[in-house]
Structures are given as structure tokens and as C-alpha cells.
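Peer 1: Sharing input38.csv here; it has CSV, C-alpha atoms.
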```csv
chain,number,residue,atom,x,y,z
A,181,MET,CA,-60.5,-15.9,17.2
A,182,THR,CA,-58.3,-13.0,18.1
A,183,THR,CA,-56.7,-11.0,15.3
A,184,PHE,CA,-52.9,-11.0,15.3
A,185,ASN,CA,-51.0,-7.9,14.1
A,186,THR,CA,-50.2,-8.8,10.5
A,187,ASP,CA,-47.4,-6.2,10.3
A,188,ALA,CA,-45.7,-7.8,13.4
A,189,VAL,CA,-46.0,-11.3,11.8
A,190,HIS,CA,-44.4,-10.1,8.6
A,191,THR,CA,-41.7,-8.3,10.6
A,192,PHE,CA,-40.9,-11.5,12.5
A,193,ILE,CA,-40.8,-13.5,9.2
A,194,LYS,CA,-38.4,-10.9,7.7
A,195,PHE,CA,-36.2,-11.1,10.9
A,196,ALA,CA,-36.1,-14.9,10.9
A,197,GLN,CA,-35.3,-15.0,7.2
A,198,HIS,CA,-32.4,-12.6,7.5
A,199,PRO,CA,-29.3,-14.7,7.5
A,200,PHE,CA,-27.1,-12.6,9.8
A,201,LYS,CA,-29.7,-11.3,12.3
A,202,PHE,CA,-31.2,-14.7,13.0
A,203,ARG,CA,-27.9,-16.5,13.3
A,204,ALA,CA,-26.8,-13.8,15.7
A,205,TYR,CA,-30.0,-14.3,17.7
A,206,LEU,CA,-29.3,-18.1,17.8
A,207,PHE,CA,-25.7,-17.5,18.9
A,208,TRP,CA,-26.8,-15.3,21.8
A,209,LYS,CA,-30.1,-16.9,22.8
A,210,LEU,CA,-29.7,-20.6,21.8
A,211,PRO,CA,-25.9,-21.2,21.6
A,212,ALA,CA,-26.2,-25.0,21.7
A,213,ALA,CA,-28.5,-25.0,18.7
A,214,TRP,CA,-26.2,-22.6,16.9
A,215,LEU,CA,-23.2,-24.8,17.6
A,216,ALA,CA,-25.0,-28.0,16.5
A,217,GLY,CA,-25.9,-26.3,13.2
A,218,VAL,CA,-29.7,-26.0,13.7
A,219,ARG,CA,-30.9,-23.5,11.1
A,220,MET,CA,-34.3,-22.0,10.1
A,221,GLN,CA,-35.0,-23.0,6.5
A,222,SER,CA,-38.3,-21.3,5.9
A,223,ILE,CA,-41.2,-19.7,7.9
A,224,THR,CA,-44.6,-18.6,6.7
A,225,GLU,CA,-48.0,-18.1,8.3
A,226,ASP,CA,-48.7,-21.7,7.5
A,227,ALA,CA,-45.6,-23.7,8.2
A,228,CYS,CA,-42.0,-23.6,9.6
A,229,THR,CA,-39.1,-25.7,8.5
A,230,THR,CA,-35.8,-26.0,10.3
A,231,SER,CA,-32.7,-28.3,9.7
A,232,VAL,CA,-29.9,-29.9,11.6
A,233,PRO,CA,-26.9,-31.5,9.9
A,234,PHE,CA,-25.0,-34.6,10.7
A,235,ARG,CA,-21.5,-33.4,11.6
A,236,TRP,CA,-18.9,-33.6,14.3
A,237,LEU,CA,-20.7,-31.3,16.7
A,238,SER,CA,-24.1,-33.0,16.3
A,239,GLN,CA,-22.9,-36.7,16.2
A,240,ASN,CA,-23.5,-39.6,18.5
A,241,PRO,CA,-21.1,-42.6,18.8
A,242,PHE,CA,-23.3,-44.6,16.3
A,243,ARG,CA,-22.5,-42.4,13.2
A,244,SER,CA,-25.7,-40.5,13.2
A,245,THR,CA,-27.1,-37.2,14.5
A,246,TYR,CA,-27.5,-37.2,18.3
A,247,PHE,CA,-31.2,-37.3,19.3
A,248,ALA,CA,-30.9,-34.1,21.4
A,249,CYS,CA,-29.8,-32.2,18.3
A,250,LEU,CA,-32.8,-33.6,16.4
A,251,ALA,CA,-35.0,-32.5,19.3
A,252,MET,CA,-33.6,-29.0,19.1
A,253,ALA,CA,-34.4,-28.7,15.4
A,254,ALA,CA,-37.9,-30.2,16.0
A,255,GLU,CA,-38.6,-27.8,18.9
A,256,MET,CA,-37.4,-24.8,16.9
A,257,SER,CA,-39.8,-25.7,14.0
A,258,THR,CA,-42.7,-25.3,16.5
A,259,GLY,CA,-41.2,-22.6,18.7
A,260,LEU,CA,-40.4,-20.0,16.0
A,261,PRO,CA,-44.1,-19.8,14.9
A,262,ALA,CA,-45.1,-19.7,18.5
A,263,MET,CA,-42.8,-16.7,19.1
A,264,MET,CA,-44.1,-15.1,15.9
A,265,TYR,CA,-47.7,-15.2,17.0
A,266,VAL,CA,-47.0,-14.4,20.7
A,267,GLN,CA,-45.1,-11.3,19.6
A,268,SER,CA,-47.9,-10.2,17.3
A,269,ALA,CA,-50.7,-10.8,19.8
A,270,PRO,CA,-52.5,-7.7,21.2
A,271,LYS,CA,-51.8,-8.9,24.8
A,272,ARG,CA,-48.7,-10.2,26.5
A,273,ILE,CA,-48.4,-14.0,26.5
A,274,SER,CA,-45.9,-16.3,28.2
A,275,MET,CA,-44.9,-19.5,26.5
A,276,LEU,CA,-43.2,-22.7,27.7
A,277,VAL,CA,-42.6,-26.2,26.5
A,278,THR,CA,-44.3,-28.6,28.9
A,279,GLY,CA,-44.0,-31.9,27.1
A,280,LEU,CA,-42.1,-33.7,24.3
A,281,GLU,CA,-42.7,-37.1,22.7
A,282,SER,CA,-40.6,-38.6,20.0
A,283,THR,CA,-40.3,-41.5,17.6
A,284,PHE,CA,-37.1,-42.3,15.8
A,285,VAL,CA,-37.6,-44.2,12.6
A,286,LYS,CA,-34.2,-44.2,10.8
A,287,LYS,CA,-30.6,-43.0,11.5
A,288,ALA,CA,-30.0,-39.4,10.6
A,289,THR,CA,-26.8,-39.5,8.6
A,290,GLY,CA,-27.2,-36.2,6.6
A,291,LEU,CA,-29.2,-33.0,6.8
A,292,THR,CA,-32.5,-33.5,8.5
A,293,TYR,CA,-35.4,-31.1,7.8
A,294,PHE,CA,-38.1,-30.6,10.5
A,295,THR,CA,-41.5,-29.2,9.4
A,296,CYS,CA,-44.4,-28.1,11.5
A,297,LYS,CA,-47.7,-27.4,9.8
A,298,ASP,CA,-49.9,-27.2,12.9
A,299,LEU,CA,-50.0,-23.4,12.9
A,300,PRO,CA,-53.9,-23.1,12.9
A,301,ALA,CA,-54.0,-25.0,16.2
A,302,LEU,CA,-51.2,-22.8,17.5
A,303,LYS,CA,-53.0,-19.6,16.7
A,304,GLU,CA,-56.2,-20.9,18.3
A,305,ALA,CA,-54.4,-21.8,21.5
A,306,ILE,CA,-52.7,-18.4,21.7
A,307,SER,CA,-56.1,-16.7,21.1
A,308,LYS,CA,-57.7,-18.7,23.9
A,309,ALA,CA,-54.8,-17.9,26.2
A,310,MET,CA,-55.4,-14.1,25.7
A,311,ASN,CA,-59.1,-14.5,26.7
A,312,GLN,CA,-58.8,-16.6,29.9
A,313,GLU,CA,-56.8,-16.8,33.1
A,314,GLU,CA,-55.8,-20.4,32.9
A,315,ALA,CA,-52.9,-21.7,30.7
A,316,VAL,CA,-53.8,-23.2,27.4
A,317,THR,CA,-51.8,-26.1,26.0
A,318,VAL,CA,-51.4,-27.3,22.5
A,319,THR,CA,-49.4,-30.2,21.0
A,320,LEU,CA,-47.7,-29.5,17.8
A,321,ARG,CA,-46.2,-32.1,15.5
A,322,SER,CA,-42.9,-31.8,13.7
A,323,GLU,CA,-41.7,-34.4,11.2
A,324,GLY,CA,-38.0,-34.8,10.4
A,325,ARG,CA,-37.1,-36.0,6.9
A,326,ASP,CA,-33.9,-36.4,4.9
A,327,LYS,CA,-33.3,-34.9,1.4
A,328,GLN,CA,-35.1,-37.8,-0.2
A,329,GLY,CA,-38.2,-37.3,1.9
A,330,THR,CA,-37.6,-40.4,4.1
A,331,LEU,CA,-39.1,-40.0,7.6
A,332,ILE,CA,-36.2,-39.9,10.1
A,333,ALA,CA,-38.1,-38.9,13.3
A,334,SER,CA,-41.4,-37.4,14.5
A,335,PHE,CA,-41.9,-35.2,17.5
A,336,ALA,CA,-45.0,-34.0,19.4
A,337,ILE,CA,-44.1,-30.9,21.4
A,338,THR,CA,-46.6,-29.6,23.9
A,339,TRP,CA,-46.6,-25.8,24.5
A,340,SER,CA,-48.3,-23.9,27.2
A,341,PHE,CA,-49.5,-20.3,26.7
A,342,LYS,CA,-50.8,-18.0,29.4
A,343,GLY,CA,-51.9,-14.4,29.2
A,344,LYS,CA,-50.0,-11.9,31.4
A,345,SER,CA,-51.5,-8.9,33.1
```
Can you give me the file's structure in the form of C-alpha cells?
Peer 2:
Amino acid sequence: MTTFNTDAVHTFIKFAQHPFKFRAYLFWKLPAAWLAGVRMQSITEDACTTSVPFRWLSQNPFRSTYFACLAMAAEMSTGLPAMMYVQSAPKRISMLVTGLESTFVKKATGLTYFTCKDLPALKEAISKAMNQEEAVTVTLRSEGRDKQGTLIASFAITWSFKGKS
């Protein structure tokens, strides 16, 4: 497996944990997520947790969080670690979401936390992409739970990584 630049990983984590810098990044690069209230809660080399609240800007007509807002938070819980490892890779890598599957279990009527723990598979896929010409795909799972730990929704997000010349 390819070694990732540890300093770059830690720099990304520090950036993502900085309340002003990361929220400014969301505002400029992902304004819909910023408006909906999607936030990064924690990121490490092992897991990433994001959240989305139930509020006026993220609601649906059924008094719960709109499914697209839940999907934004789930995607961010997989996308932030992907960005972290792509930016710390010794070669340039492109990344793209190529698939999304979801299951909704319960109405989201409060803050929903999405956690992705599939980072070893993510690192392996990026390593493979650096060493071959074809794109490499990996499906990462993110579970959304409320404050009590009740499962609200689960997502399977497929990412494609390809090395650039």
C-alpha cells in the first residue's frame, strides 16, 4: 500500500476542525450544504462524523429532514476523508461520486449524525488508483443516527478514484 503524507493528513484534519476556516470553505464550495446546516463534527484517520439539523432550511412537508439534506451529510462523511487522503497522496488523484444507495428507517426530527468508518478501504482504493491507469471504485457506508443512537438512515456512496498524469 502507498504511504500517505502524514503531515498533509494532519494539516487537513486541523483545517477541517477549525470552525471558521471550514465553515468558510463550505460557504464558498458547498453553499447548499452550508445553508442546510451540514457540519463536520469530527475527523480522524479512522472515522469521520458529520451532522445535519432538522430546521426550516432542511425540512420537508412531513415535519422531518429532507432526504437530500440527509444525503449531503452522508456524502460529506465519506467525502472529507477522501479529500484528506487524495490531498496527502504522492500523486495527483481525481475523485468523483459515481453511485449512491440509501435506506431510510425513521423520520429525522432532530440533529442527525452520519459516521463513516470505512477509511481502510478508502485508503486502499486511493493507493490502487495511484498505481494503475484505470479508475478504482470503492463503496463507503455512512450511518445516520439521532442523539439517542437510533438509526435514521444508511447510505452506500460509491467513489471513483483515478490517477492523473
Peer 1: Would you mind listing, for every residue of range 263-313 of chain A within 8 Å of range 229-249 of chain A, the two atoms forming the shortest contact and the distance between them in Å to one decimal, using only C-alpha atoms, sorted by chain and ascending residue number, as CSV?
Peer 2:
```
residue,atom,partner,partner_atom,distance
A:Lys287,CA,A:Ser244,CA,5.8
A:Ala288,CA,A:Ser244,CA,5.1
A:Thr289,CA,A:Ser244,CA,4.8
A:Gly290,CA,A:Phe234,CA,4.9
A:Leu291,CA,A:Pro233,CA,4.1
A:Thr292,CA,A:Ser231,CA,5.3
A:Tyr293,CA,A:Ser231,CA,4.3
A:Phe294,CA,A:Thr230,CA,5.1
A:Thr295,CA,A:Thr229,CA,4.3
A:Cys296,CA,A:Thr229,CA,6.5
```
Peer 1: Give me the residues near Ser322 in chain A as a PyMOL selection string, where near means some atom within 8 Å (using all atoms listed in the file) and where sequence neighbours in that chain fewer than 5 positions away do not count.
Peer 2: chain A and resi 254-255+257-258+294-297+334-337
Peer 1: May I ask for the distance between CA of Met310 in chain A and CA of Val189 in chain A, given in Å to one decimal place?
Peer 2: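 Separating CA of Met310 in chain A from CA of Val189 in chain A is a distance of 17.0 Å.
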Peer 1: Closest to Val218 in chain A among A:Glu281, A:Ala301, A:Leu206, A:Thr338, using all atoms listed in the file?
Peer 2: A:Leu206
Peer 1: Mind pulling up the distance from CA of Phe341 in chain A to CA of Met256 in chain A?
Peer 2: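 Computing it gives 16.2 Å between the two atoms.
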Peer 1: CA of Lys303 in chain A to CA of Lys271 in chain A: how many Å, to one decimal?
Peer 2: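 Rounded to one decimal, the two atoms are 13.5 Å apart.
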Peer 1: Using only C-alpha atoms for the distances, tell me which of A:Gln328, A:Gln197, A:Thr317, A:Thr224 is nearest to Ser274 in chain A.
Peer 2: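 Once distances to Ser274 in chain A are computed over only C-alpha atoms, the minimum belongs to A:Thr317.
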Peer 1: Nearest residue to Val266 in chain A out of A:Arg321, A:Arg203, A:His198, A:Lys308, using only C-alpha atoms?
Peer 2: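 The shortest atom-to-atom distance to Val266 in chain A comes from A:Lys308.
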Peer 1: Restricting the calculation to all atoms listed in the file: of A:Arg325, A:Lys194, A:Met252, A:Ile306, which residue gets closest to Leu215 in chain A?
Peer 2: A:Met252
Peer 1: Tell me which protein, DNA and RNA residues are within 7 Å of Lys342 in chain A, counting all atoms listed in the file, leaving out same-chain ones fewer than 5 positions away, and put them as a list of chain:residue names.
Peer 2: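 The contact residues come out as A:Ile273, A:Ser274, A:Met275, A:Ala309, A:Glu314, A:Ala315, A:Val316.
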